[in-house]
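**Student:** Provided herewith is a single structure, encoded as structure tokens, for subsequent inquiry.
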Amino acid sequence: MKFNKRKCKVLHLVRNNPMDQYMLGTTQLESSFAEKDLGVLVDTKLNMSQQCAPVAKKATGILGCLRASIATRLREVMLPHY
């Protein structure tokens, strides 16, 4: 299998890793602190906060638009839109 060396990156997941440099053939691979794979953003601490914060911000904005576009605040009207 051929790899695109420019797209390959190293993600260090071990706590006490000395951040070694890795090579693919003669090309040194770039280190990364976070990478997105299959829509999931993974960082070196396996923390999801970098992914959750933008998603929560987007959802809050959509809910704000929904509240602004509906004139009534009745539960029967608002609940189906959520």
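In the structure tokens, chains take letters A, B, ... by order of appearance, with residues numbered from 1 within each chain and ligands from 1 in the order shown.
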Would you kindly return, as a count of residues only, each protein, DNA or RNA residue with an atom no farther than 12 Å from any atom of Tyr22 (chain A), considering only C-alpha atoms and excluding same-chain residues fewer than 2 positions away?

**Tutor:** 17

**Student:** Would you pick out the contacts of region 54-69 of chain A at 10 Å or less, using only C-alpha atoms, so that residues sharing its chain but fewer than 6 positions from it are not included, and give the list as a list in words?

**Tutor:**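 The filter keeps Met78, His81 and Tyr82 of chain A.
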
**Student:** Those same residues - C-alpha atoms - I'd like them written as a compact mmCIF listing (two decimals), in the first residue's frame.

**Tutor:**
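New file again37.txt:
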# COMPACT_ATOMS: atom_id res chain seq x y z
CA MET A 78 -41.70 24.54 21.06
CA HIS A 81 -39.09 21.70 17.03
CA TYR A 82 -36.43 20.48 19.42

**Student:** I need the alpha helix (DSSP H) residues of chain A per DSSP on the backbone, written as a PyMOL selection string.

**Tutor:** chain A and resi 49-69+75-78

**Student:** With C-alpha atoms retained, export the selected residues as a PDB file, in the first residue's frame.

**Tutor:**
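Once written, again11.pdb looks like this:
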ATOM      1  CA  SER A  49     -13.278  19.017  24.475  1.00  0.00           C
ATOM      2  CA  GLN A  50     -11.829  20.322  21.210  1.00  0.00           C
ATOM      3  CA  GLN A  51     -14.657  18.596  19.364  1.00  0.00           C
ATOM      4  CA  CYS A  52     -17.481  19.207  21.845  1.00  0.00           C
ATOM      5  CA  ALA A  53     -17.044  22.975  22.260  1.00  0.00           C
ATOM      6  CA  PRO A  54     -17.640  23.917  18.569  1.00  0.00           C
ATOM      7  CA  VAL A  55     -20.561  21.468  18.300  1.00  0.00           C
ATOM      8  CA  ALA A  56     -22.190  22.889  21.436  1.00  0.00           C
ATOM      9  CA  LYS A  57     -21.668  26.433  20.141  1.00  0.00           C
ATOM     10  CA  LYS A  58     -23.304  25.552  16.817  1.00  0.00           C
ATOM     11  CA  ALA A  59     -26.258  23.871  18.573  1.00  0.00           C
ATOM     12  CA  THR A  60     -26.752  26.902  20.826  1.00  0.00           C
ATOM     13  CA  GLY A  61     -26.810  29.168  17.761  1.00  0.00           C
ATOM     14  CA  ILE A  62     -29.404  26.988  16.034  1.00  0.00           C
ATOM     15  CA  LEU A  63     -31.581  26.987  19.162  1.00  0.00           C
ATOM     16  CA  GLY A  64     -31.274  30.779  19.323  1.00  0.00           C
ATOM     17  CA  CYS A  65     -32.509  31.058  15.727  1.00  0.00           C
ATOM     18  CA  LEU A  66     -35.358  28.686  16.526  1.00  0.00           C
ATOM     19  CA  ARG A  67     -36.416  30.742  19.545  1.00  0.00           C
ATOM     20  CA  ALA A  68     -36.263  33.954  17.534  1.00  0.00           C
ATOM     21  CA  SER A  69     -38.370  32.555  14.691  1.00  0.00           C
ATOM     22  CA  ARG A  75     -44.535  23.993  25.342  1.00  0.00           C
ATOM     23  CA  GLU A  76     -46.809  22.298  22.801  1.00  0.00           C
ATOM     24  CA  VAL A  77     -45.376  24.504  20.047  1.00  0.00           C
ATOM     25  CA  MET A  78     -41.699  24.542  21.060  1.00  0.00           C
TER      26      MET A  78
END

**Student:** My list of candidates is A:Gly39, A:Thr44, A:Asn4, A:Ala34. Which is closest to Asn17 (chain A) when distances are computed with only C-alpha atoms?

**Tutor:**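 Of A:Gly39, A:Thr44, A:Asn4, A:Ala34, the one nearest Asn17 (chain A) is A:Thr44, counting only C-alpha atoms.
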
**Student:** Measure the distance from CA of Met48 (chain A) to CA of Met23 (chain A) in Å and round it to one decimal.

**Tutor:**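 According to the coordinates, CA of Met48 (chain A) and CA of Met23 (chain A) are separated by 28.2 Å.
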
**Student:** Where does DSSP see strand (DSSP E or B) in chain A, if you list the residues as an MDAnalysis selection string?

**Tutor:** chainID A and resid 9:11 23:24 27:28 30:32 34:37 40:43

**Student:** Which residue gives the smallest distance to Glu35 (chain A) among A:Arg15, A:Gln21, A:Lys7, A:Ile70, with only C-alpha atoms counted?

**Tutor:** A:Lys7

**Student:** Which value, in Å to one decimal, gives the distance between CA of Asn47 (chain A) and CA of Phe3 (chain A)?

**Tutor:**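 Computing the Euclidean distance for CA of Asn47 (chain A) and CA of Phe3 (chain A) yields 27.3 Å.
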